[in-house]
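**Q** Quick one: structure below, then a few questions.
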Amino acid sequence: MTIPVIDFSGFDSADVRALKRLAEQVDRALSNTGFMMITGLGLAKRAEADAFASAKQFFANPEAVKNSCRYEGSGANFGYQQLLGEHLDPTAPADLKEAFTMRNALHQYNHWPDVEFRNHAQSFYQQCLFGAQKVLTVMALALDLPGDYFNHRHLGENITLRYLHYPAGQQPTSDHQLGAGAHTDYGTITLLFQHGVSGLQVLDSRETWVDVPCVDDAIVINTGDLMHRWSNGKYRSTLHRVKPARADQARYAIAFFVDPDSDVTIEALPACVSTTHPAQFPPTTAGQHIQDKIQASLDAGKAYS
Ligand SMILES: O=C(O)CCC(=O)C(=O)O
Ligand SMILES: [Fe+2]
C-alpha cells in the first residue's frame with residue numbers, strides 16, 4: 001500500500017480544471033486507503049514550529065503543573081491527559097502517550113496553561129482550519145456537492161487540536177501495548193503533523209501494518225467514521241496505530257480533528273446511493289457518535305485498573 005502525495009498548490013488558482021484534477025486525486029486516495037499526504041496547503045511554517053515548541057515545553061513540566069489543566073471529560077474534551085489516560089483501542093492496554101486536547105480552541109477562555117501556549121495553539125488551529133477548509137471543498141466537489149457543503153457543517157464546535165507526546169524509554173507491558181492503540185478516527189478528516197519522527201502505521205487490505213513515512217512538508221490526512229457513513233462506505237475510515245516511542249527518542253505529533261458540529265445529521269449523500277447500493281448505515285448525529293467514541297476510549301481504562 002502506498003499513500004499518495006497530492007499537491008494542493010493549484011487550489012488557489014480556482015481554475016476549474018485544477019480543482020477537478022484535485023477532486024479526482026482525493027477521491028481515489030480516500031476510496032483506496034482513506035489516507036493521503038498533502039503538500040502545498042500554504043500553512044504558515046512558523047505557526048507549526050511554535051506549536052511544537054509549546055507542546056515540548058508543556059510536556060516537560062512536572063505532573064502537578066500539567067494536572068492544573070487536567071482533562072475533565074468527553075463533554076468539554078479539553079485539557080491535559082496523562083500517560084496511560086486513554087485506550088484508543090478499548091480492548092488493549094492503555095496508550096503510552098500523554099496529550100493536551102483543545103476542542104473548539106478559538107472559543108475556549110479557561111484552562112490554558114499560559115498566554116503564550118494559548119496564542120501558539122490558537123494560531124496553529126487557525127492555520128489548520130484554513131488548510132482543512134480547502135480539503136473539505138475539494139471533497140465536496142468530489143462528491144457532487146456545492147463546494148461549501150462541508151464547510152458550513154464544520155463551524156468549530158467539534159474541531160479539535162491535540163498535542164501528543166510519546167515519551168522515550170517507556171517499556172510496554174505486553175506486545176499489545178502501543179503508543180496509540182489501533183483505532184479509526186471519529187469524524188470527517190484528521191490532519192496529522194509527525195514532526196520528522198515516524199511511528200504511525202496503517203492497516204492495509206491484506207491486514208498488514210504498514211509504516212507511514214515522514215515526507216518533508218507533507219501533512220498526513222485521513223478520513224474518519226463520519227465521512228465513511230456520509231459517503232455510504234465509499235471513503236474509508238482506516239484502522240491505524242502508533243508504535244511506542246523508541247528507547248532513545250521521544251515522538252511528538254499534532255493531530256487536528258475536523259469533525260462536524262454536534263447537531264449535523266450524518267446520512268448517506270445522494271451521489272453515494274443507488275438502487276444497487278442503498279444506504280448502508282442508519283442516520284446518526286455527529287455529536288452522539290463523537291461522544292460515544294471518546295467515552296469508550298476513557299471507560300476502557302476501568303477494565304484494566
Ligand atoms: O501520533 C500519530 O501519529 C497519530 C495519532 C492518532 O492517530 C490520533 O490521535 O488519532
Ligand atoms: Fe487517529
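Going by the C-alpha cells order, chains are called A, B, ..., each with residues numbered from 1, while ligands are numbered from 1 in the order shown.
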Ligand 1: which residues are within 7 Å, counting only C-alpha atoms and all ligand atoms? Reply as a count of residues only.

**A** 13

**Q** Enumerate, as a PyMOL selection string, the complete set of residues in region 71-261 of chain A that a backbone-based DSSP assignment places in strand (DSSP E).

**A** chain A and resi 78-81+98-103+160-166+180-183+189-193+200-203+209-211+219-223+240-242+251-258

**Q** Taking only C-alpha atoms into account, name the residue in A:Gln249, A:Ser198, A:Ser54, A:Ser205 that is nearest to Val115 (chain A).

**A**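 Of all the options, A:Ser54 lies closest to Val115 (chain A).
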
**Q** Would you give me, as a PyMOL selection string, the residues in region 171-296 of chain A that DSSP reads as helix (DSSP H, G or I)?

**A** chain A and resi 225-230+270-272+286-296

**Q** For Val215 (chain A), work out the shell of residues within 10 Å, counting only C-alpha atoms and skipping chain neighbours fewer than 4 positions away, then give it as a ChimeraX atom specification.

**A** /A:5,37-39,194-196,198,219-220

**Q** In terms of the shortest atom-to-atom distance over only C-alpha atoms and all ligand atoms, which of A:Gln295, A:Thr184, A:Thr276, A:Gln201 is closest to ligand 2?

**A**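 Once distances to ligand 2 are computed over only C-alpha atoms and all ligand atoms, the minimum belongs to A:Thr184.
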
**Q** Report as a CSV table (one decimal) with all heavy atoms, in the first residue's frame all protein, DNA and RNA residues lying within 12 Å of Val273 (chain A), evaluated on only C-alpha atoms, omitting residues in the same chain fewer than 2 positions from it.

**A**
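Wrote it out as selection_24.csv, contents follow:
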chain,number,residue,atom,x,y,z
A,143,LEU,N,-17.7,14.7,-4.4
A,143,LEU,CA,-19.0,14.0,-4.1
A,143,LEU,C,-20.2,14.7,-4.7
A,143,LEU,O,-21.3,14.6,-4.2
A,143,LEU,CB,-19.1,13.9,-2.5
A,143,LEU,CG,-18.1,13.0,-1.9
A,143,LEU,CD1,-18.1,13.1,-0.4
A,143,LEU,CD2,-18.3,11.5,-2.3
A,229,ARG,N,-19.5,7.1,6.8
A,229,ARG,CA,-21.0,7.0,6.8
A,229,ARG,C,-21.6,7.9,5.8
A,229,ARG,O,-22.5,7.6,5.1
A,229,ARG,CB,-21.6,7.3,8.2
A,229,ARG,CG,-21.2,6.2,9.2
A,229,ARG,CD,-21.7,6.6,10.6
A,229,ARG,NE,-23.1,6.3,10.8
A,229,ARG,CZ,-23.6,5.5,11.8
A,229,ARG,NH1,-22.8,4.9,12.6
A,229,ARG,NH2,-24.9,5.3,11.9
A,230,TRP,N,-21.2,9.2,5.8
A,230,TRP,CA,-21.7,10.2,4.9
A,230,TRP,C,-21.6,9.7,3.4
A,230,TRP,O,-22.4,9.9,2.6
A,230,TRP,CB,-20.9,11.5,5.0
A,230,TRP,CG,-21.7,12.7,5.5
A,230,TRP,CD1,-23.0,12.9,5.3
A,230,TRP,CD2,-21.1,13.8,6.1
A,230,TRP,NE1,-23.4,14.1,5.8
A,230,TRP,CE2,-22.2,14.7,6.3
A,230,TRP,CE3,-19.9,14.2,6.5
A,230,TRP,CZ2,-22.1,16.0,6.9
A,230,TRP,CZ3,-19.7,15.5,7.1
A,230,TRP,CH2,-20.8,16.3,7.3
A,231,SER,N,-20.4,9.1,3.1
A,231,SER,CA,-20.1,8.7,1.7
A,231,SER,C,-20.7,7.3,1.5
A,231,SER,O,-20.3,6.6,0.5
A,231,SER,CB,-18.6,8.7,1.5
A,231,SER,OG,-17.9,7.8,2.3
A,232,ASN,N,-21.5,6.8,2.4
A,232,ASN,CA,-22.1,5.4,2.3
A,232,ASN,C,-21.0,4.3,2.1
A,232,ASN,O,-21.2,3.4,1.3
A,232,ASN,CB,-23.1,5.5,1.1
A,232,ASN,CG,-24.2,4.4,1.3
A,232,ASN,OD1,-24.4,3.8,2.4
A,232,ASN,ND2,-24.8,4.0,0.2
A,233,GLY,N,-19.9,4.5,2.8
A,233,GLY,CA,-18.9,3.5,2.8
A,233,GLY,C,-17.8,3.7,1.7
A,233,GLY,O,-16.8,2.9,1.7
A,234,LYS,N,-18.0,4.7,0.9
A,234,LYS,CA,-17.0,4.9,-0.2
A,234,LYS,C,-15.7,5.4,0.3
A,234,LYS,O,-14.6,4.8,-0.1
A,234,LYS,CB,-17.6,6.0,-1.2
A,234,LYS,CG,-16.7,6.2,-2.4
A,234,LYS,CD,-17.3,7.2,-3.3
A,234,LYS,CE,-16.5,7.2,-4.6
A,234,LYS,NZ,-16.4,8.5,-5.3
A,267,GLU,N,-26.2,11.3,7.1
A,267,GLU,CA,-26.8,10.2,6.4
A,267,GLU,C,-26.3,10.2,5.0
A,267,GLU,O,-25.7,11.2,4.5
A,267,GLU,CB,-28.3,10.3,6.4
A,267,GLU,CG,-28.9,11.6,5.9
A,267,GLU,CD,-30.4,11.7,6.1
A,267,GLU,OE1,-31.1,10.7,6.2
A,267,GLU,OE2,-30.9,12.8,6.3
A,268,ALA,N,-26.4,9.0,4.3
A,268,ALA,CA,-25.7,8.8,3.0
A,268,ALA,C,-26.0,10.0,2.1
A,268,ALA,O,-27.2,10.4,1.9
A,268,ALA,CB,-26.1,7.5,2.5
A,269,LEU,N,-25.0,10.5,1.4
A,269,LEU,CA,-25.2,11.6,0.5
A,269,LEU,C,-25.8,11.0,-0.8
A,269,LEU,O,-25.4,9.9,-1.2
A,269,LEU,CB,-23.8,12.2,0.2
A,269,LEU,CG,-23.2,12.9,1.3
A,269,LEU,CD1,-21.7,13.1,1.1
A,269,LEU,CD2,-23.9,14.3,1.6
A,270,PRO,N,-26.6,11.8,-1.5
A,270,PRO,CA,-27.3,11.3,-2.7
A,270,PRO,C,-26.3,10.7,-3.7
A,270,PRO,O,-26.6,9.7,-4.3
A,270,PRO,CB,-28.0,12.6,-3.3
A,270,PRO,CG,-28.1,13.5,-2.1
A,270,PRO,CD,-27.0,13.2,-1.2
A,271,ALA,N,-25.2,11.3,-4.0
A,271,ALA,CA,-24.3,10.8,-5.0
A,271,ALA,C,-23.7,9.4,-4.7
A,271,ALA,O,-23.1,8.8,-5.5
A,271,ALA,CB,-23.1,11.8,-5.3
A,275,THR,N,-29.7,2.3,-6.6
A,275,THR,CA,-30.6,1.2,-6.3
A,275,THR,C,-29.8,-0.1,-6.0
A,275,THR,O,-30.2,-0.9,-5.2
A,275,THR,CB,-31.5,0.9,-7.5
A,275,THR,OG1,-30.7,1.0,-8.7
A,275,THR,CG2,-32.7,1.8,-7.6
A,276,THR,N,-28.6,-0.2,-6.6
A,276,THR,CA,-27.8,-1.4,-6.3
A,276,THR,C,-26.9,-1.2,-5.0
A,276,THR,O,-26.4,-2.1,-4.5
A,276,THR,CB,-26.8,-1.7,-7.5
A,276,THR,OG1,-26.1,-0.5,-7.8
A,276,THR,CG2,-27.6,-2.2,-8.7
A,277,HIS,N,-26.8,0.1,-4.6
A,277,HIS,CA,-26.0,0.3,-3.3
A,277,HIS,C,-26.8,1.3,-2.4
A,277,HIS,O,-26.6,2.5,-2.3
A,277,HIS,CB,-24.7,0.9,-3.7
A,277,HIS,CG,-23.8,1.1,-2.5
A,277,HIS,ND1,-23.4,0.1,-1.7
A,277,HIS,CD2,-23.1,2.2,-2.1
A,277,HIS,CE1,-22.6,0.6,-0.7
A,277,HIS,NE2,-22.4,1.9,-1.0
A,278,PRO,N,-27.9,0.7,-1.8
A,278,PRO,CA,-28.7,1.6,-0.9
A,278,PRO,C,-27.9,2.0,0.3
A,278,PRO,O,-26.8,1.5,0.6
A,278,PRO,CB,-29.9,0.6,-0.5
A,278,PRO,CG,-29.4,-0.8,-0.8
A,278,PRO,CD,-28.3,-0.7,-1.8
A,279,ALA,N,-28.5,2.9,1.1
A,279,ALA,CA,-27.9,3.4,2.3
A,279,ALA,C,-27.5,2.2,3.2
A,279,ALA,O,-28.3,1.4,3.5
A,279,ALA,CB,-28.8,4.4,3.0
A,280,GLN,N,-26.2,2.2,3.7
A,280,GLN,CA,-25.7,1.1,4.5
A,280,GLN,C,-25.8,1.4,6.0
A,280,GLN,O,-25.6,0.4,6.8
A,280,GLN,CB,-24.2,1.0,4.2
A,280,GLN,CG,-23.8,0.8,2.7
A,280,GLN,CD,-24.2,-0.5,2.2
A,280,GLN,OE1,-23.8,-1.6,2.7
A,280,GLN,NE2,-25.1,-0.5,1.2
A,281,PHE,N,-26.0,2.6,6.4
A,281,PHE,CA,-26.0,2.9,7.8
A,281,PHE,C,-27.2,3.8,8.2
A,281,PHE,O,-27.6,4.6,7.4
A,281,PHE,CB,-24.8,3.8,8.2
A,281,PHE,CG,-23.4,3.2,7.7
A,281,PHE,CD1,-22.9,3.6,6.5
A,281,PHE,CD2,-22.8,2.3,8.5
A,281,PHE,CE1,-21.7,3.1,6.1
A,281,PHE,CE2,-21.6,1.7,8.1
A,281,PHE,CZ,-21.0,2.1,6.9

**Q** Taking only C-alpha atoms and all ligand atoms into account, which of A:Asp89, A:Asp50, A:Asp263, A:Glu72 comes nearest ligand 2?

**A**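 Between A:Asp89, A:Asp50, A:Asp263, A:Glu72, the residue approaching ligand 2 most closely is A:Asp89.
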
**Q** Please list as a PyMOL selection string every residue within 10 Å of Thr101 (chain A), counting only C-alpha atoms and excluding residues in the same chain fewer than 5 positions away.

**A** chain A and resi 70-71+76-81+160-164+254-256

**Q** Nearest to Leu191 (chain A): which of A:His228, A:Tyr235, A:Ala168, A:Phe124 is it, counting only C-alpha atoms?

**A** A:Phe124

**Q** Got a sec: who's within 12 Å of His152 (chain A), counting only C-alpha atoms, leaving out chain neighbours fewer than 4 positions off, as a list in words?

**A**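 Near neighbours after the sequence-gap exclusion: Gln133, Leu136, Thr137, Ala140, Pro146, Gly147, Asp148, Gly156, Glu157, Asp259, Pro260, Asp261 and Val264 of chain A.
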
**Q** Go ahead and save the picked residues with N, CA, C and O atoms, as a JSON list (two decimals), in the first residue's frame.

**A**
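Output (out36.json):
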[["chain", "number", "residue", "atom", "x", "y", "z"],
["A", 133, "GLN", "N", -10.21, 23.64, 5.32],
["A", 133, "GLN", "CA", -11.34, 24.13, 4.51],
["A", 133, "GLN", "C", -11.11, 23.90, 3.02],
["A", 133, "GLN", "O", -12.04, 23.59, 2.27],
["A", 136, "LEU", "N", -11.83, 20.17, 2.54],
["A", 136, "LEU", "CA", -13.28, 19.91, 2.59],
["A", 136, "LEU", "C", -13.96, 20.38, 1.30],
["A", 136, "LEU", "O", -14.90, 19.74, 0.82],
["A", 137, "THR", "N", -13.47, 21.48, 0.73],
["A", 137, "THR", "CA", -14.05, 21.98, -0.51],
["A", 137, "THR", "C", -13.84, 20.98, -1.65],
["A", 137, "THR", "O", -14.76, 20.65, -2.41],
["A", 140, "ALA", "N", -16.05, 17.99, -1.24],
["A", 140, "ALA", "CA", -17.44, 18.28, -1.64],
["A", 140, "ALA", "C", -17.57, 18.18, -3.16],
["A", 140, "ALA", "O", -18.51, 17.56, -3.67],
["A", 146, "PRO", "N", -22.26, 21.13, -3.56],
["A", 146, "PRO", "CA", -21.74, 22.50, -3.65],
["A", 146, "PRO", "C", -20.42, 22.60, -2.87],
["A", 146, "PRO", "O", -20.27, 21.94, -1.83],
["A", 147, "GLY", "N", -19.48, 23.41, -3.37],
["A", 147, "GLY", "CA", -18.13, 23.46, -2.78],
["A", 147, "GLY", "C", -18.11, 23.76, -1.29],
["A", 147, "GLY", "O", -17.20, 23.32, -0.58],
["A", 148, "ASP", "N", -19.12, 24.49, -0.79],
["A", 148, "ASP", "CA", -19.09, 24.87, 0.63],
["A", 148, "ASP", "C", -19.94, 23.94, 1.52],
["A", 148, "ASP", "O", -20.15, 24.22, 2.69],
["A", 156, "GLY", "N", -16.77, 24.60, 14.06],
["A", 156, "GLY", "CA", -15.74, 24.63, 15.10],
["A", 156, "GLY", "C", -16.08, 23.92, 16.39],
["A", 156, "GLY", "O", -15.19, 23.55, 17.15],
["A", 157, "GLU", "N", -17.36, 23.69, 16.64],
["A", 157, "GLU", "CA", -17.78, 23.08, 17.90],
["A", 157, "GLU", "C", -17.00, 21.80, 18.22],
["A", 157, "GLU", "O", -16.60, 21.57, 19.37],
["A", 259, "ASP", "N", -14.23, 17.67, 12.77],
["A", 259, "ASP", "CA", -15.45, 16.90, 12.98],
["A", 259, "ASP", "C", -16.67, 17.82, 12.88],
["A", 259, "ASP", "O", -16.59, 18.99, 13.24],
["A", 260, "PRO", "N", -17.80, 17.27, 12.43],
["A", 260, "PRO", "CA", -18.97, 18.13, 12.20],
["A", 260, "PRO", "C", -19.54, 18.68, 13.51],
["A", 260, "PRO", "O", -19.36, 18.09, 14.58],
["A", 261, "ASP", "N", -20.29, 19.78, 13.38],
["A", 261, "ASP", "CA", -21.00, 20.33, 14.54],
["A", 261, "ASP", "C", -21.98, 19.27, 15.06],
["A", 261, "ASP", "O", -22.49, 18.45, 14.30],
["A", 264, "VAL", "N", -25.36, 18.13, 13.42],
["A", 264, "VAL", "CA", -25.40, 17.75, 11.99],
["A", 264, "VAL", "C", -25.81, 16.29, 11.87],
["A", 264, "VAL", "O", -25.25, 15.41, 12.54]]

**Q** For a quick check of understanding, using only C-alpha atoms, which of A:Cys69, A:Leu41, A:Ile294, A:Met1 has the smallest distance to Phe130 (chain A)?

**A**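 Checking each candidate against Phe130 (chain A), we get A:Leu41 as the closest.
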
**Q** Give the answer as one residue: which of A:Asn151, A:Thr188, A:Gln25, A:Ser31 has the shortest atom-to-atom distance to ligand 2, using only C-alpha atoms and all ligand atoms?

**A**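 Distance minimum relative to ligand 2 lands on A:Thr188.
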